[in-house]
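Heads up, the thing below is written out as structure tokens.
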Amino acid sequence: MTTTNKSIAALLACLVGATLMLGGVALAGDYHQGSGLHCTDCHIMHASKDGTTYNSGTGYDNLLKAASATALCMQCHDGADATAPDIVATGTAAAPNDTLGTAYASKYKNSGGYFQSDYGSAQSGEGHDLYATSALTAIQGTWTSGTDGMVCADCHDPHGTANYRNLLLQPGTGGVDISVRSGTEVYLREAITIPPTAAATAIHYDTSAVGFDDVNHVVDWCLDCHTNITTGSGDTPPKKHPQDVAVSGAEGSHWTGGTGSGFGTDVGDESSGIPRIRFAQDGASYAATTTVADTNQVFCLSCHKTHGSRYDSTALWPYYEGGADQTSACDQCHNKGA
Ligand code: HEC
Ligand code: HEC
Ligand code: HEC
Ligand code: HEC
Ligand code: HEC
Ligand code: HEC
């Protein structure tokens with residue numbers, strides 16, 4: 001699907017969504033949603049429980065367990081709670097790294113990527129900013145954040161949504177629901193375990209555990225804020241990198257072969273090549289959507305982590321930092337390097 005078909009796709013997504021709802025099938029975020037929405041994770045009724053008080057017994061706005069919603073989320077998601085996926089690396093904006101408390105197996109760590117530890121006091125060129133001294137405007141778009149930067153709720157609903165990872169149905173300015181659901185647009189290798197365990201969390205949220213259908217709507221979802229970051233299929237030759245296009249038009253056989261220019265075992269090491277980057281593929285299961293073929297498509301998450309990465313522009317590899325892996329992702333699809 002191309003972005004010129006965006007409105008048709010969105011309409012179809014709504015129709016598909018309506019059909020599924022009529023069928024009574026609940027496809028949604030896996031936790032903080034439905035029966036997995038545990039009020040006790042986030043709210044406290046009287047600002048105290050069993051000798052623990054919140055804000056010295058005064059409590060916080062909205063009966064939250066922390067002074068702000070982001071601080072609340074980070075009480076568990078900064079690595080402190082081993083059962084919650086860790087999305088905060090130990091580095092800083094000035095010296096970013098990918099060291100996380102959760103033992104993700106993939107070289108690309110957790111699927112959503114990570115903020116750096118000084119996320120509350122520094123802006124970063126390696127990710128979305130949870131701190132700012134004035135409102136942020138989405139690059140190539142018009143959406144603006146609150147005056148002190150972005151918050152988790154700009155992208156996730158704390159009370160859950162029908163989407164994968166409780167992603168907002170309308171994060172930006174588009175005004176149309178965008179369907180990025182588990183079971184239609186996204187396929188997970190294994191189901192979530194409730195109650196969560198540390199071992200299951202490390203496996204479930206790993207980059208390798210998620211498969212994206214070619215109709216994944218992730219591009220539309222990002223474009224809801226970054227409206228003009230790409231152009232449609234009519235743009236020939238293209239002026240911005242194409243999205244949702246199969247690698248067969250590039251160097252299909254090099255891509256499927258998986259060896260040589262661009263391919264390697266680790267990212268950011270001193271050896272040329274990185275593990276195969278993410279792609280989208282037509283299919284109706286995790287196995288089908290993660291099958292390597294020249295019909296695999298390039299999309300935002302082929303090159304970017306959403307929260308952040310250790311590299312400039314949230315890239316999966318050191319495109320600006322340089323070194324042996326500098327052009328690796330490009331070469332996997334284009335085979336232009338040495
Ligand atoms: C993952 C954290 C989280 C969980 C779990 C959670 N909440 Fe909330 N809740 C919030 C946050 C953050 C706010 C602040 C306002 C907002 O962002 O919606 C809030 C606000 C509210 C509000 C006031 C604003 C509104 O949306 O009406 C109510 C009522 C509420 N929550 C009820 C509940 C109930 C009932 C449960 C359990 C069934 C629950 N919440 C579970 C995070 C959570
Ligand atoms: C009390 C700890 C706790 C707090 C507070 C908390 N979370 Fe979570 N969150 C978890 C755990 C545990 C999981 C993983 C559950 C599992 O794997 O079974 C999770 C999972 C998630 C997921 C993935 C859900 C999915 O569908 O896979 C998202 C997104 C998320 N949290 C966002 C938030 C946001 C946003 C906030 C703040 C509004 C927040 N969390 C606050 C513990 C917490
Ligand atoms: C709710 C609006 C919103 C959504 C949705 C959104 N972004 Fe952003 N994005 C922003 C804003 C605002 C900035 C500029 C400030 C910053 O860096 O945080 C930004 C910055 C970026 C940057 C530059 C980061 C840097 O430090 O150089 C990249 C890359 C990016 N976004 C990619 C994405 C991708 C990929 C998606 C979809 C998975 C996405 N964005 C979804 C609002 C959004
Ligand atoms: C710019 C939008 C954006 C912001 C801001 C954002 N998230 Fe996410 N988050 C996403 C997307 C998109 C995914 C899924 C991406 C993927 O699987 O590649 C995700 C995934 C997650 C996950 C699942 C674990 C993982 O690594 O996939 C958790 C937990 C989570 N986010 C929590 C949070 C919390 C807590 C905050 C605030 C501190 C936050 N997010 C801020 C967009 C955002
Ligand atoms: C996951 C595969 C993939 C990755 C990674 C990728 N591309 Fe592409 N690229 C494509 C596809 C598919 C097209 C459209 C078909 C074509 O033009 O070959 C394309 C098109 C292009 C074009 C336009 C070609 C024209 O027709 O004018 C350029 C330039 C380009 N890519 C450069 C890059 C660079 C530089 C990188 C690394 C930063 C990169 N690409 C990474 C798949 C990819
Ligand atoms: C083929 C790889 C590739 C794909 C696919 C891709 N990007 Fe990028 N993106 C990059 C690179 C590399 C940069 C760093 C700037 C540069 O050199 O082009 C970047 C930069 C950005 C920036 C920051 C621009 C600035 O002014 O600093 C945003 C925002 C962004 N991308 C969003 C997206 C979104 C949203 C998508 C999906 C619609 C997407 N990107 C798809 C490779 C990609």
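Naming works like this for the structure tokens: A, B, ... for the chains as they're shown, residue 1 at the start of each chain, ligands 1 onward in shown order.
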Write out as a ChimeraX atom specification each polymer residue (protein, DNA or RNA) that has an atom no more than 8 Å from ligand 6, with only C-alpha atoms and all ligand atoms counted. /A:138-140,218-220,222-223,226,229-230,241-243,298-304,312-315,319-320,329-330
Range 119-263 of chain A: residues DSSP assigns to strand (DSSP E or B), reported as a VMD selection string: chain A and resid 127 137 144 146 149 156 167 182 186 to 188 206 210 to 212 245 to 246 263
Gap from CA of Arg276 in chain A to CA of Lys107 in chain A - Å, one decimal: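 Atom-to-atom, CA of Arg276 in chain A and CA of Lys107 in chain A are spaced 10.1 Å apart.
Of the listed residues A:Met74, A:Cys225, A:Val88, A:Leu100, the one whose atoms come nearest to ligand 3 is A:Cys225, with distances taken using only C-alpha atoms and all ligand atoms.
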Looking at only C-alpha atoms and all ligand atoms, which of A:Lys305, A:Lys240, A:Arg181, A:Lys49 is the one that sits closest to ligand 3? A:Lys305
Separation of CA of Ala47 in chain A from CA of Val151 in chain A, in Å and rounded to one decimal: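 CA of Ala47 in chain A sits 23.4 Å away from CA of Val151 in chain A.
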Ligand 1: which residues are within 10 Å, counting only C-alpha atoms and all ligand atoms? Reply as an MDAnalysis selection string. chainID A and resid 31:44 61:66 68:73 76 151:154 156:160
Between A:Thr259, A:Thr144, A:Asn296, A:Asn166, which has the minimum distance to ligand 4 (counting only C-alpha atoms and all ligand atoms)? A:Asn166
Would you please extract all helix (DSSP H, G or I) residues from range 96-305 of chain A, as assigned by DSSP on the backbone, and give them as a PyMOL selection string? chain A and resi 152-154+164-166+198-204+207-209+218-223+247-249+252-257+286-289+300-303
